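Enquirer: What follows is my_file_3.cif, made up of mmCIF, C-alpha atoms:
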```cif
data_structure
#
loop_
_atom_site.label_atom_id
_atom_site.label_comp_id
_atom_site.auth_asym_id
_atom_site.auth_seq_id
_atom_site.Cartn_x
_atom_site.Cartn_y
_atom_site.Cartn_z
CA MET G 324 -57.64 -18.45 -38.09
CA PRO G 325 -55.70 -15.34 -37.03
CA ASN G 326 -53.33 -15.46 -34.11
CA ASP G 327 -54.65 -12.61 -32.01
CA ALA G 328 -52.03 -11.62 -29.44
CA SER G 329 -54.67 -9.88 -27.36
CA ARG G 330 -56.69 -13.08 -26.92
CA PRO G 331 -56.35 -14.54 -23.40
CA ALA G 332 -54.33 -17.73 -23.03
CA ALA G 333 -56.24 -20.99 -22.66
CA GLN G 334 -57.18 -21.50 -19.05
CA ALA G 335 -58.12 -25.20 -19.10
CA GLY G 336 -55.78 -27.42 -17.22
CA PHE G 337 -53.92 -29.78 -19.56
CA VAL G 338 -50.27 -28.84 -19.57
CA TYR G 339 -47.54 -31.12 -20.91
CA ALA G 340 -43.77 -31.04 -21.08
CA PHE G 341 -42.49 -32.86 -24.17
CA ALA G 342 -38.85 -33.87 -24.33
CA THR G 343 -37.11 -32.14 -27.25
CA PRO G 344 -35.10 -34.51 -29.47
CA GLY G 345 -31.44 -33.65 -29.06
CA HIS G 346 -32.06 -30.75 -26.69
CA ALA G 347 -32.30 -30.48 -22.90
CA GLN G 348 -35.18 -28.02 -22.62
CA PRO G 349 -38.69 -29.49 -22.91
CA ILE G 350 -41.44 -28.04 -25.07
CA VAL G 351 -44.40 -26.96 -22.95
CA VAL G 352 -47.87 -27.47 -24.44
CA GLN G 353 -51.12 -26.16 -23.03
CA SER G 354 -54.32 -27.71 -24.28
CA ASP G 355 -58.06 -27.39 -23.71
CA TYR G 356 -58.34 -31.20 -23.89
CA ALA G 357 -56.31 -34.28 -23.03
CA VAL G 358 -54.02 -35.18 -25.94
CA GLU G 359 -52.76 -38.53 -24.59
CA PRO G 360 -55.37 -40.70 -26.39
CA TYR G 361 -54.17 -39.46 -29.79
CA LEU G 362 -50.42 -39.12 -29.30
CA ARG G 363 -49.56 -42.69 -30.26
CA LEU G 364 -50.90 -42.01 -33.73
CA PHE G 365 -48.47 -39.20 -34.40
CA LEU G 366 -45.32 -39.49 -32.31
CA ILE G 367 -42.95 -42.41 -31.76
CA ASN G 368 -41.45 -42.48 -28.28
CA TRP G 369 -41.46 -38.77 -27.51
CA PRO G 370 -41.26 -38.77 -23.70
CA PHE G 371 -43.68 -36.38 -22.05
CA GLU G 372 -45.23 -35.69 -18.69
CA ARG G 373 -48.31 -33.91 -17.43
CA LEU G 374 -47.56 -30.78 -15.42
CA PRO G 375 -49.77 -28.98 -12.94
CA GLY G 376 -51.51 -26.06 -14.66
CA GLY G 377 -49.76 -22.69 -14.53
CA THR G 378 -46.30 -24.05 -13.70
CA ALA G 379 -44.60 -23.24 -17.00
CA ALA G 380 -45.16 -20.85 -19.89
CA PRO G 381 -46.38 -22.80 -22.93
CA GLN G 382 -44.71 -22.71 -26.34
CA ILE G 383 -47.69 -24.36 -28.08
CA LEU G 384 -51.40 -23.82 -27.44
CA LEU G 385 -54.40 -25.94 -28.43
CA ARG G 386 -57.72 -24.12 -28.09
CA GLN G 387 -61.10 -25.71 -28.76
CA ALA G 388 -63.83 -23.78 -30.55
CA GLY G 389 -66.77 -26.13 -30.97
CA GLN G 390 -65.53 -29.15 -32.95
CA ARG G 391 -62.52 -27.29 -34.29
CA VAL G 392 -59.16 -26.74 -32.63
CA ALA G 393 -56.79 -23.82 -33.13
CA VAL G 394 -53.18 -24.97 -32.72
CA GLU G 395 -50.59 -22.25 -32.51
CA LEU G 396 -47.17 -21.20 -31.36
CA ALA G 397 -47.34 -18.90 -28.35
CA ASN G 398 -46.02 -15.38 -28.91
CA SER G 399 -45.92 -15.89 -32.67
CA LYS G 400 -47.40 -13.71 -35.37
CA LEU G 401 -48.05 -16.76 -37.52
CA ASP G 402 -51.65 -17.78 -38.07
CA ALA G 403 -52.92 -20.65 -35.95
CA LEU G 404 -53.44 -24.00 -37.64
CA ASP G 405 -57.15 -24.73 -37.99
CA ALA G 406 -57.77 -28.38 -37.07
CA MET G 407 -61.08 -30.07 -37.81
CA SER G 408 -61.19 -32.26 -34.70
CA GLU G 409 -59.34 -33.18 -31.52
CA LEU G 410 -57.53 -35.90 -33.51
CA ASP G 411 -56.48 -33.44 -36.20
CA GLY G 412 -55.45 -31.00 -33.47
CA VAL G 413 -52.89 -33.49 -32.17
CA ASN G 414 -51.75 -34.07 -35.75
CA CYS G 415 -51.04 -30.33 -35.96
CA LEU G 416 -49.43 -30.46 -32.52
CA ALA G 417 -46.98 -33.10 -33.79
CA ASP G 418 -46.08 -30.81 -36.71
CA LEU G 419 -45.44 -27.86 -34.41
CA LEU G 420 -43.47 -29.97 -31.92
CA SER G 421 -41.14 -31.10 -34.71
CA HIS G 422 -40.76 -27.50 -35.93
CA VAL G 423 -39.91 -26.24 -32.45
CA ALA G 424 -37.49 -29.15 -31.99
CA ALA G 425 -35.84 -28.26 -35.32
CA SER G 426 -35.60 -24.58 -34.41
CA ARG G 427 -33.69 -25.47 -31.24
CA GLN G 428 -30.95 -27.20 -33.23
CA PRO G 429 -28.99 -24.47 -34.98
CA GLU G 430 -26.55 -27.03 -36.37
CA LEU G 431 -29.29 -28.98 -38.10
CA ALA G 432 -31.85 -28.28 -40.83
CA GLU G 433 -35.25 -29.82 -41.32
CA LEU G 434 -35.42 -31.92 -44.49
CA HIS G 435 -38.60 -33.11 -46.18
CA ALA G 436 -37.48 -36.68 -46.81
CA SER G 437 -38.08 -40.26 -45.88
CA SER G 438 -35.05 -42.20 -44.76
CA VAL G 439 -34.09 -45.79 -44.05
CA LEU G 440 -31.07 -47.30 -42.34
CA VAL G 441 -29.19 -49.71 -44.63
CA ASP G 442 -25.85 -51.17 -43.63
CA GLY G 443 -25.41 -48.54 -40.93
CA LYS G 444 -26.09 -45.52 -43.15
CA LEU G 445 -29.19 -43.62 -44.18
CA ILE G 446 -30.66 -43.60 -47.65
CA LEU G 447 -32.55 -40.33 -47.99
CA PHE G 448 -35.49 -40.23 -50.39
CA VAL G 449 -35.80 -36.49 -51.05
CA GLY G 450 -38.55 -34.98 -53.14
CA PRO G 451 -41.88 -33.20 -53.23
CA SER G 452 -45.21 -34.58 -52.06
CA LEU G 453 -46.52 -37.47 -54.17
CA SER G 454 -43.05 -38.49 -55.37
CA GLY G 455 -43.47 -41.67 -53.34
CA LYS G 456 -40.91 -41.07 -50.58
CA SER G 457 -43.07 -42.66 -47.94
CA SER G 458 -43.93 -45.72 -50.04
CA LEU G 459 -40.27 -46.36 -50.83
CA ALA G 460 -39.32 -46.22 -47.16
CA LEU G 461 -42.21 -48.45 -46.13
CA GLN G 462 -41.29 -50.98 -48.83
CA LEU G 463 -37.92 -51.34 -47.13
CA ALA G 464 -39.50 -51.41 -43.66
CA ALA G 465 -41.69 -54.28 -44.86
CA ARG G 466 -38.45 -56.12 -45.68
CA GLY G 467 -36.95 -55.64 -42.23
CA TYR G 468 -35.06 -52.36 -42.64
CA ARG G 469 -35.46 -49.63 -40.05
CA ILE G 470 -37.15 -46.37 -41.01
CA PHE G 471 -35.62 -43.17 -39.72
CA SER G 472 -38.25 -40.85 -41.11
CA ASP G 473 -41.40 -41.12 -43.12
CA ASP G 474 -41.75 -37.46 -44.05
CA ARG G 475 -39.03 -35.35 -42.44
CA LEU G 476 -35.90 -35.50 -40.33
CA LEU G 477 -33.12 -33.21 -39.20
CA ILE G 478 -29.80 -33.26 -41.04
CA GLY G 479 -26.48 -31.54 -40.57
CA PRO G 480 -24.12 -30.26 -39.50
CA LEU G 481 -24.77 -27.00 -41.32
CA ALA G 482 -21.26 -25.80 -40.52
CA GLY G 483 -17.98 -27.64 -40.14
CA ALA G 484 -16.72 -29.31 -43.28
CA SER G 485 -14.69 -31.86 -41.37
CA ARG G 486 -17.63 -33.52 -39.69
CA ALA G 487 -19.50 -36.33 -41.43
CA PRO G 488 -23.14 -35.55 -42.20
CA ILE G 489 -25.76 -37.13 -39.98
CA GLY G 490 -29.52 -37.46 -39.77
CA MET G 491 -31.57 -37.18 -36.61
CA ALA G 492 -34.97 -38.87 -36.30
CA LEU G 493 -37.90 -36.75 -35.18
CA GLY G 494 -40.08 -39.62 -34.04
CA LEU G 495 -43.07 -38.82 -36.24
CA THR G 496 -45.43 -41.71 -36.95
CA PRO G 497 -45.53 -42.81 -40.60
CA ARG G 498 -48.78 -42.31 -42.49
CA VAL G 499 -50.09 -44.34 -45.36
CA ARG G 500 -52.94 -44.06 -47.83
CA ARG G 501 -55.59 -46.72 -47.35
CA PRO G 502 -56.06 -49.07 -48.96
CA PRO G 503 -52.51 -49.44 -50.36
CA HIS G 504 -52.22 -49.27 -54.14
CA PRO G 505 -52.40 -52.82 -55.55
CA ALA G 506 -49.15 -52.23 -57.43
CA ALA G 507 -47.33 -51.85 -54.10
CA GLY G 508 -47.44 -55.63 -53.77
CA ALA G 509 -48.58 -58.22 -51.26
CA LEU G 510 -45.68 -57.79 -48.82
CA PHE G 511 -46.37 -54.06 -48.54
CA ALA G 512 -50.12 -54.63 -48.11
CA GLU G 513 -49.52 -57.24 -45.42
CA PHE G 514 -47.08 -54.95 -43.56
CA VAL G 515 -49.56 -52.07 -43.63
CA ALA G 516 -52.46 -54.29 -42.56
CA ARG G 517 -50.42 -55.62 -39.62
CA HIS G 518 -49.56 -52.17 -38.27
CA VAL G 519 -52.14 -49.68 -39.46
CA VAL G 520 -54.42 -47.74 -37.16
CA LYS G 521 -57.28 -46.04 -38.93
CA GLY G 522 -57.01 -42.28 -39.18
CA GLY G 523 -59.32 -39.78 -40.76
CA GLY G 524 -60.47 -40.24 -44.37
CA ASN G 525 -58.23 -42.50 -46.41
CA VAL G 526 -55.14 -41.95 -44.23
CA GLY G 527 -53.90 -44.58 -41.81
CA PHE G 528 -51.16 -44.32 -39.19
CA LEU G 529 -48.39 -46.85 -38.63
CA PRO G 530 -47.27 -46.64 -35.00
CA LEU G 531 -44.32 -48.97 -35.56
CA ASP G 532 -42.21 -50.29 -32.70
CA GLY G 533 -38.53 -49.51 -32.12
CA ARG G 534 -37.37 -52.39 -34.33
CA SER G 535 -38.98 -50.83 -37.38
CA ILE G 536 -38.56 -47.10 -36.73
CA ALA G 537 -36.01 -44.91 -34.99
CA ASP G 538 -36.81 -43.15 -31.74
CA ALA G 539 -36.86 -39.38 -31.62
CA ALA G 540 -33.31 -37.94 -31.37
CA GLU G 541 -31.64 -41.11 -32.68
CA THR G 542 -28.87 -40.28 -35.16
CA ALA G 543 -27.12 -42.10 -38.00
CA PRO G 544 -24.60 -41.15 -40.71
CA LEU G 545 -25.99 -40.17 -44.12
CA GLY G 546 -25.19 -42.57 -46.97
CA ALA G 547 -26.91 -41.45 -50.18
CA LEU G 548 -29.44 -39.03 -51.63
CA VAL G 549 -32.11 -40.55 -53.84
CA LEU G 550 -34.40 -38.21 -55.80
CA PRO G 551 -37.54 -40.20 -56.63
CA GLU G 552 -39.86 -39.54 -59.54
CA ARG G 553 -42.91 -41.74 -59.84
CA GLN G 554 -44.09 -42.57 -63.36
CA GLU G 555 -46.94 -44.59 -64.86
CA THR G 556 -44.65 -46.78 -66.95
CA GLY G 557 -41.00 -47.24 -67.80
CA GLY G 558 -39.71 -49.62 -65.16
CA VAL G 559 -37.04 -48.67 -62.64
CA VAL G 560 -34.21 -46.42 -63.79
CA LEU G 561 -31.42 -45.28 -61.47
CA ARG G 562 -28.93 -42.78 -62.81
CA PRO G 563 -26.39 -40.56 -61.08
CA ALA G 564 -27.53 -37.03 -60.24
CA GLY G 565 -24.96 -34.27 -60.25
CA ALA G 566 -24.40 -32.15 -57.19
CA ALA G 567 -26.15 -29.20 -58.88
CA ALA G 568 -29.32 -31.18 -59.51
CA ALA G 569 -29.25 -32.61 -56.00
CA SER G 570 -28.71 -29.14 -54.58
CA ARG G 571 -31.76 -27.76 -56.36
CA VAL G 572 -33.93 -30.49 -54.84
CA MET G 573 -32.37 -29.97 -51.40
CA LEU G 574 -32.98 -26.24 -51.70
CA GLU G 575 -36.68 -26.88 -52.19
CA GLN G 576 -37.00 -29.48 -49.46
CA MET G 577 -34.61 -28.27 -46.75
CA HIS G 578 -35.46 -25.58 -44.21
CA ALA G 579 -33.30 -23.68 -41.74
CA PRO G 580 -35.03 -20.32 -41.37
CA ASP G 581 -32.51 -18.88 -38.92
CA VAL G 582 -29.48 -19.56 -41.13
CA ALA G 583 -28.24 -16.90 -43.57
CA ALA G 584 -28.88 -17.84 -47.19
CA VAL G 585 -25.18 -17.90 -48.09
CA ASP G 586 -24.39 -20.24 -45.19
CA PHE G 587 -27.41 -22.37 -46.07
CA LEU G 588 -26.16 -22.75 -49.65
CA ALA G 589 -22.70 -23.59 -48.40
CA ALA G 590 -24.19 -26.31 -46.21
CA ILE G 591 -26.13 -27.74 -49.14
CA ARG G 592 -22.96 -27.72 -51.23
CA ARG G 593 -21.06 -29.65 -48.56
CA LEU G 594 -23.87 -32.18 -48.23
CA THR G 595 -24.32 -32.77 -51.94
CA GLN G 596 -20.60 -33.01 -52.54
CA ALA G 597 -20.15 -35.44 -49.65
CA LEU G 598 -22.97 -37.79 -50.63
CA PRO G 599 -23.63 -39.74 -53.81
CA ALA G 600 -26.93 -38.67 -55.38
CA TRP G 601 -29.19 -40.59 -57.72
CA HIS G 602 -32.29 -39.92 -59.79
CA LEU G 603 -34.77 -42.75 -59.34
CA GLN G 604 -37.54 -42.98 -61.93
CA TYR G 605 -39.92 -45.82 -61.19
CA ASP G 606 -43.29 -47.35 -61.78
CA ASP G 607 -42.94 -50.08 -59.14
CA SER G 608 -42.16 -48.97 -55.60
CA ALA G 609 -41.02 -52.43 -54.41
CA LYS G 610 -38.43 -52.83 -57.18
CA ALA G 611 -37.39 -49.21 -56.84
CA ALA G 612 -36.84 -49.50 -53.09
CA LEU G 613 -34.72 -52.63 -53.56
CA ALA G 614 -32.67 -50.93 -56.28
CA ALA G 615 -32.02 -48.01 -53.94
CA LYS G 616 -31.11 -50.36 -51.13
CA ASP G 617 -28.59 -52.11 -53.38
CA LEU G 618 -26.84 -48.78 -53.94
CA MET G 619 -25.62 -48.95 -50.37
CA ALA G 620 -24.18 -52.41 -50.87
CA GLY G 621 -22.41 -51.30 -54.05
CA MET R 496 -30.30 1.00 -71.37
CA ARG R 497 -27.60 -1.35 -70.18
CA TYR R 498 -27.65 -4.00 -67.48
CA MET R 499 -25.07 -5.21 -65.00
CA ARG R 500 -24.86 -7.35 -61.90
CA LYS R 501 -26.10 -5.74 -58.72
CA ALA R 502 -23.35 -5.24 -56.16
CA GLY R 503 -23.57 -7.51 -53.13
CA VAL R 504 -25.24 -10.44 -54.85
CA SER R 505 -23.22 -13.49 -53.88
CA GLU R 506 -22.48 -16.52 -56.02
CA THR R 507 -22.16 -20.15 -55.02
CA GLU R 508 -21.07 -22.70 -57.59
CA ILE R 509 -22.11 -26.27 -57.01
CA ASP R 510 -20.84 -28.66 -59.63
CA ASP R 511 -22.00 -27.11 -62.92
CA GLY R 512 -24.77 -25.09 -61.30
CA LEU R 513 -24.68 -21.46 -60.20
CA PHE R 514 -26.79 -20.17 -57.32
CA LEU R 515 -27.19 -16.50 -56.38
CA VAL R 516 -28.23 -14.93 -53.09
CA GLU R 517 -29.92 -11.54 -53.15
CA PRO R 518 -28.68 -9.95 -49.91
CA ALA R 519 -31.72 -7.87 -48.94
CA SER R 520 -34.34 -10.58 -49.32
CA GLN R 521 -32.00 -13.53 -48.61
CA GLU R 522 -33.71 -15.26 -51.53
CA ILE R 523 -31.71 -17.95 -53.35
CA TYR R 524 -31.91 -18.34 -57.12
CA PHE R 525 -30.66 -21.03 -59.44
CA LEU R 526 -29.48 -19.84 -62.83
CA ASP R 527 -30.19 -22.04 -65.85
CA ALA R 528 -27.64 -22.27 -68.66
CA ILE R 529 -28.74 -19.12 -70.50
CA SER R 530 -29.10 -17.04 -67.35
CA ARG R 531 -25.71 -18.22 -66.16
CA GLY R 532 -24.11 -17.06 -69.41
CA LEU R 533 -25.90 -13.73 -69.18
CA TRP R 534 -24.76 -13.31 -65.58
CA ARG R 535 -21.16 -13.79 -66.69
CA LEU R 536 -21.58 -11.23 -69.46
CA MET R 537 -23.11 -8.71 -67.08
CA ALA R 538 -19.90 -8.46 -65.10
CA GLU R 539 -19.68 -5.41 -67.33
CA ALA R 540 -22.62 -3.23 -68.30
CA SER R 541 -24.23 -4.64 -71.45
CA SER R 542 -27.21 -3.64 -73.53
CA LEU R 543 -30.02 -6.09 -74.20
CA GLN R 544 -29.07 -6.03 -77.88
CA ASP R 545 -25.45 -6.90 -77.09
CA LEU R 546 -26.53 -9.79 -74.86
CA GLN R 547 -28.93 -11.13 -77.49
CA HIS R 548 -26.20 -10.90 -80.12
CA VAL R 549 -23.72 -12.92 -78.04
CA VAL R 550 -26.26 -15.66 -77.32
CA ARG R 551 -27.33 -15.80 -80.98
CA GLU R 552 -23.72 -16.37 -81.99
CA ALA R 553 -23.32 -19.08 -79.36
CA PHE R 554 -26.41 -20.95 -80.56
CA PRO R 555 -26.46 -20.54 -84.35
CA ASP R 556 -28.87 -23.47 -84.81
CA GLN R 557 -31.64 -21.87 -82.78
CA ALA R 558 -34.16 -19.42 -84.15
CA PRO R 559 -32.88 -15.87 -83.49
CA ALA R 560 -36.34 -14.62 -82.56
CA GLU R 561 -36.67 -17.35 -79.97
CA ILE R 562 -33.26 -16.50 -78.50
CA ASP R 563 -34.10 -12.80 -78.36
CA ARG R 564 -37.33 -13.59 -76.53
CA ASP R 565 -35.58 -15.93 -74.05
CA VAL R 566 -32.80 -13.44 -73.32
CA ALA R 567 -35.27 -10.58 -72.80
CA ALA R 568 -37.32 -12.76 -70.46
CA ALA R 569 -34.24 -13.80 -68.48
CA ILE R 570 -33.09 -10.20 -68.06
CA ALA R 571 -36.58 -9.12 -67.02
CA GLU R 572 -36.71 -11.87 -64.41
CA MET R 573 -33.26 -11.12 -63.02
CA SER R 574 -34.20 -7.43 -62.83
CA ALA R 575 -37.44 -8.24 -61.04
CA ARG R 576 -35.49 -10.33 -58.53
CA ASN R 577 -33.01 -7.49 -57.89
CA LEU R 578 -30.06 -9.49 -59.20
CA VAL R 579 -29.17 -7.01 -61.93
CA VAL R 580 -29.56 -3.26 -62.21
CA SER R 581 -30.00 -0.99 -65.20
CA VAL R 582 -27.36 1.65 -65.80
CA PRO R 583 -27.26 4.62 -68.22
#
```
Kindly transcribe the structure held in the file into C-alpha cells.

Expert:
Amino acid sequence: MPNDASRPAAQAGFVYAFATPGHAQPIVVQSDYAVEPYLRLFLINWPFERLPGGTAAPQILLRQAGQRVAVELANSKLDALDAMSELDGVNCLADLLSHVAASRQPELAELHASSVLVDGKLILFVGPSLSGKSSLALQLAARGYRIFSDDRLLIGPLAGASRAPIGMALGLTPRVRRPPHPAAGALFAEFVARHVVKGGGNVGFLPLDGRSIADAAETAPLGALVLPERQETGGVVLRPAGAAAASRVMLEQMHAPDVAAVDFLAAIRRLTQALPAWHLQYDDSAKAALAAKDLMAG
Amino acid sequence: MRYMRKAGVSETEIDDGLFLVEPASQEIYFLDAISRGLWRLMAEASSLQDLQHVVREAFPDQAPAEIDRDVAAAIAEMSARNLVVSVP
C-alpha cells in the first residue's frame, strides 16, 4: 500500500502518547480505532496515555480501509504496512514503535536476537528466522530465568570502547507457535499453556509478567553471543565461534541505519571482541538452552 | 586489462576476517579466503591471468580450471560491487 503524502491525515479521534524506552520524548500515534484492547498482546509495560485529538502531531498513523489497516510512519516515503485486521494493525504498530524507539537512540543498534538474563548478564541468541532463538529463550523462561527479548532488543554503545556493552529491552511480547513442537518437552508446553493468549492462525502471544520478562527500557550487561543452528539430528554441540564469524552474523542481524558503515563495523568489532561467541548446533531446544545457560556459569 | 583496488574503499579486520566498505553506497562486504588474497594482490594493478597464476601456485592440489573460474568470478563480483577498478 503506497504512502501517499498528499492523502489527508486520519481525522478520527484516537490519539496516544507512548513512552519511548530510554528517551524522554513520547511517540504520538493517531488511529482510526481504539488500540487498547490489543496492546497487551504485543507490548510489555509500555506506558501510554490517551490524548485529546489534534493536540500533537503523530509519528505513526493507523488508517482503516474496510477490514484492513494501513500502518505507517508519518512524513515517511516508506510504504505503509498492510495489516489484515485491527489486531494485526496493532501488531504492526508495535513493530513501528520499536523502530522509532530504536531510531531515537543513536548510541544503540537494533539487534534481531532473543536474550535471557543469567547470573546478571545477558545471553544473546543471534540468528535468522527459524534458527530457534525464541524457543531457546522460552526454554530458559520456563525454568525461571528472565527474558529480555524474544525477537529484538537494542544493544550498544556503538561508540566508546571503554564502556561495557549493554542490552536494552524493548518490551515486545513474546510469540510462540501453537501448539508447541512435542520435542520442546513437557515443561515448555506447560509454560506456554499457562501464559498463552491465542493470536491469529497458529501464533500465540505470551504476555508474561515482570518476573519473567524485562520491562521496556530495562538494561543489563551483555555476557555472551550464541549463534544457534537448528538441526534434525546430531544432539547438542557448542563450539567457540571466532570474532569474524560472529561479526558476519551480527552484520546480518544488527541495524543502525543512521550510523556510517565504517563506524557500524567498528562497533561490531568492539562487541564481538568483548564478548565470547559460540556456535550452538542442536536438535533439542531444552538441552541446548541449558548448555547455553551453563556457559555463563563457566 | 588489469585490476586494482578502488581508492576510498576502507578495510576493517576482525579476527581473521576482512570486511570492506564501499564509500558511495555504504555497503559492507565480507571477503572469503580467496577474495581476501586477491584483494591483497590488487594493492598493485594485476591482470586476471596474473591473479589466477598466483592462486594456482598457492593451491597446487586444486584443479587449475576450477581455480581460474573461482578467481574470475571473484573479480567480477568485486568489480560489480565497485570495490575494484579496471586500469589500462

Enquirer: Report as a Markdown table: every residue of chain G with an atom at most 8 Å from chain R, its closest pair of atoms, and their distance in Å to one decimal, counting all atoms listed in the file, with rows sorted by chain and ascending residue number.

Expert:
```
| residue | atom | partner | partner_atom | distance |
| --- | --- | --- | --- | --- |
| G:Gly565 | CA | R:Asp510 | CA | 7.0 |
| G:Ala566 | CA | R:Asp510 | CA | 5.6 |
| G:Ala567 | CA | R:Gly512 | CA | 5.0 |
| G:Ala568 | CA | R:Gly512 | CA | 7.8 |
| G:Ser570 | CA | R:Ile509 | CA | 7.6 |
| G:Arg571 | CA | R:Phe525 | CA | 7.5 |
| G:Ala583 | CA | R:Gln521 | CA | 7.1 |
| G:Ala584 | CA | R:Gln521 | CA | 5.5 |
| G:Val585 | CA | R:Val516 | CA | 6.6 |
| G:Leu588 | CA | R:Thr507 | CA | 7.2 |
| G:Ala589 | CA | R:Thr507 | CA | 7.5 |
| G:Arg592 | CA | R:Ile509 | CA | 6.0 |
```

Enquirer: Excluding region 534-548 of chain G and residues on its chain fewer than 2 positions from it, collect all residues at most 8 Å away from it, counting only C-alpha atoms, and give them as number ranges by chain.

Expert: G: 344-345, 367-369, 440, 443-449, 464, 467-472, 487-495, 531-532, 550, 569, 598-601, 619

Enquirer: Selected residues, C-alpha atoms, written as a compact mmCIF listing (two decimals), in the frame of the given file, please.

Expert:
```
# COMPACT_ATOMS: atom_id res chain seq x y z
CA PRO G 344 -35.10 -34.51 -29.47
CA GLY G 345 -31.44 -33.65 -29.06
CA ILE G 367 -42.95 -42.41 -31.76
CA ASN G 368 -41.45 -42.48 -28.28
CA TRP G 369 -41.46 -38.77 -27.51
CA LEU G 440 -31.07 -47.30 -42.34
CA GLY G 443 -25.41 -48.54 -40.93
CA LYS G 444 -26.09 -45.52 -43.15
CA LEU G 445 -29.19 -43.62 -44.18
CA ILE G 446 -30.66 -43.60 -47.65
CA LEU G 447 -32.55 -40.33 -47.99
CA PHE G 448 -35.49 -40.23 -50.39
CA VAL G 449 -35.80 -36.49 -51.05
CA ALA G 464 -39.50 -51.41 -43.66
CA GLY G 467 -36.95 -55.64 -42.23
CA TYR G 468 -35.06 -52.36 -42.64
CA ARG G 469 -35.46 -49.63 -40.05
CA ILE G 470 -37.15 -46.37 -41.01
CA PHE G 471 -35.62 -43.17 -39.72
CA SER G 472 -38.25 -40.85 -41.11
CA ALA G 487 -19.50 -36.33 -41.43
CA PRO G 488 -23.14 -35.55 -42.20
CA ILE G 489 -25.76 -37.13 -39.98
CA GLY G 490 -29.52 -37.46 -39.77
CA MET G 491 -31.57 -37.18 -36.61
CA ALA G 492 -34.97 -38.87 -36.30
CA LEU G 493 -37.90 -36.75 -35.18
CA GLY G 494 -40.08 -39.62 -34.04
CA LEU G 495 -43.07 -38.82 -36.24
CA LEU G 531 -44.32 -48.97 -35.56
CA ASP G 532 -42.21 -50.29 -32.70
CA LEU G 550 -34.40 -38.21 -55.80
CA ALA G 569 -29.25 -32.61 -56.00
CA LEU G 598 -22.97 -37.79 -50.63
CA PRO G 599 -23.63 -39.74 -53.81
CA ALA G 600 -26.93 -38.67 -55.38
CA TRP G 601 -29.19 -40.59 -57.72
CA MET G 619 -25.62 -48.95 -50.37
```

Enquirer: Determine the nearest neighbour of Pro530 (chain G) from the options G:Phe587, G:Tyr356, G:Phe337, G:Phe514, counting all atoms listed in the file.

Expert: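 Nearest candidate to Pro530 (chain G) out of G:Phe587, G:Tyr356, G:Phe337, G:Phe514: G:Phe514.
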
Enquirer: Taking the file as shown, what set of residues would the PyMOL selection byres ((chain R and resi 538) around 12) give back, as a list in words?

Expert: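 That expression, the PyMOL selection byres ((chain R and resi 538) around 12), corresponds here to Arg497, Tyr498, Met499, Arg500, Lys501, Ala502, Val504, Arg531, Gly532, Leu533, Trp534, Arg535, Leu536, Met537, Glu539, Ala540, Ser541, Leu546, Leu578, Val579 and Val580 of chain R.
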
Enquirer: Within 7 Å of Glu372 (chain G), counting all atoms listed in the file, which residues qualify if same-chain residues fewer than 6 places away don't, as a PyMOL selection string?

Expert: chain G and resi 339-341

Enquirer: If you count all atoms listed in the file, which residues fall within 9 Å of Ala379 (chain G), apart from same-chain ones fewer than 4 positions away, as a PyMOL selection string?

Expert: chain G and resi 338+340+351+374-375

Enquirer: For Val566 (chain R), work out the shell of residues within 10 Å, counting only C-alpha atoms and skipping chain neighbours fewer than 3 positions away, then give it as a PyMOL selection string.

Expert: chain R and resi 529-530+533+543-544+546-548+550-551+560-563+569-572

Enquirer: Here's the selection I'm unsure about, the PyMOL selection byres ((chain G and resi 357) around 10); applied to the file above, which residues does it give, as number ranges by chain?

Expert: G: 336-339, 353-356, 358-362, 373, 409, 413

Enquirer: Work out how far apart CA of Ala553 (chain R) and CA of Ser581 (chain R) are and give it in Å to one decimal.

Expert: 23.9 Å

Enquirer: Report, in Å with one decimal, the straight-line distance from CA of Leu603 (chain G) to CA of Ala564 (chain G).

Expert: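 Separating CA of Leu603 (chain G) from CA of Ala564 (chain G) is a distance of 9.3 Å.
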
Enquirer: Return as a ChimeraX atom specification the set of residues that the PyMOL selection byres ((chain G and resi 386) around 9) yields on the displayed structure.

Expert: /G:332-333,353-356,384-385,387-388,391-395

Enquirer: Find the spatial neighbours of region 508-513 of chain G, counting only C-alpha atoms, within a cut-off of 12 Å - ignore same-chain residues fewer than 5 positions away - and output them as a tab-separated table (two decimals) with C-alpha atoms, in the coordinates of the input.

Expert:
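out_12.tsv written:
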```tsv
chain	number	residue	atom	x	y	z
G	457	SER	CA	-43.07	-42.66	-47.94
G	458	SER	CA	-43.93	-45.72	-50.04
G	459	LEU	CA	-40.27	-46.36	-50.83
G	460	ALA	CA	-39.32	-46.22	-47.16
G	461	LEU	CA	-42.21	-48.45	-46.13
G	462	GLN	CA	-41.29	-50.98	-48.83
G	463	LEU	CA	-37.92	-51.34	-47.13
G	464	ALA	CA	-39.50	-51.41	-43.66
G	465	ALA	CA	-41.69	-54.28	-44.86
G	466	ARG	CA	-38.45	-56.12	-45.68
G	467	GLY	CA	-36.95	-55.64	-42.23
G	499	VAL	CA	-50.09	-44.34	-45.36
G	500	ARG	CA	-52.94	-44.06	-47.83
G	501	ARG	CA	-55.59	-46.72	-47.35
G	502	PRO	CA	-56.06	-49.07	-48.96
G	503	PRO	CA	-52.51	-49.44	-50.36
G	518	HIS	CA	-49.56	-52.17	-38.27
G	519	VAL	CA	-52.14	-49.68	-39.46
G	607	ASP	CA	-42.94	-50.08	-59.14
G	608	SER	CA	-42.16	-48.97	-55.60
G	609	ALA	CA	-41.02	-52.43	-54.41
G	610	LYS	CA	-38.43	-52.83	-57.18
G	612	ALA	CA	-36.84	-49.50	-53.09
```

Enquirer: Edge lengths and centre, in Å to one decimal, as JSON: that's what I need for the box along x, y and z that holds all listed atoms of region 577-581 of chain R plus 4 Å on each side.

Expert:
```
{"center_x": -31.1, "center_y": -5.2, "center_z": -61.5, "size_x": 11.8, "size_y": 16.5, "size_z": 15.3}
```

Enquirer: Taking all atoms listed in the file into account, which of G:Val526, G:Val559, G:Leu574, G:Val582 comes nearest Tyr605 (chain G)?

Expert: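 Of the candidates, the smallest distance to Tyr605 (chain G) is held by G:Val559.
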
Enquirer: What is the distance, in Å and to one decimal place, between CA of Pro551 (chain G) and CA of Ala615 (chain G)?

Expert: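 Separation between CA of Pro551 (chain G) and CA of Ala615 (chain G): 9.9 Å.
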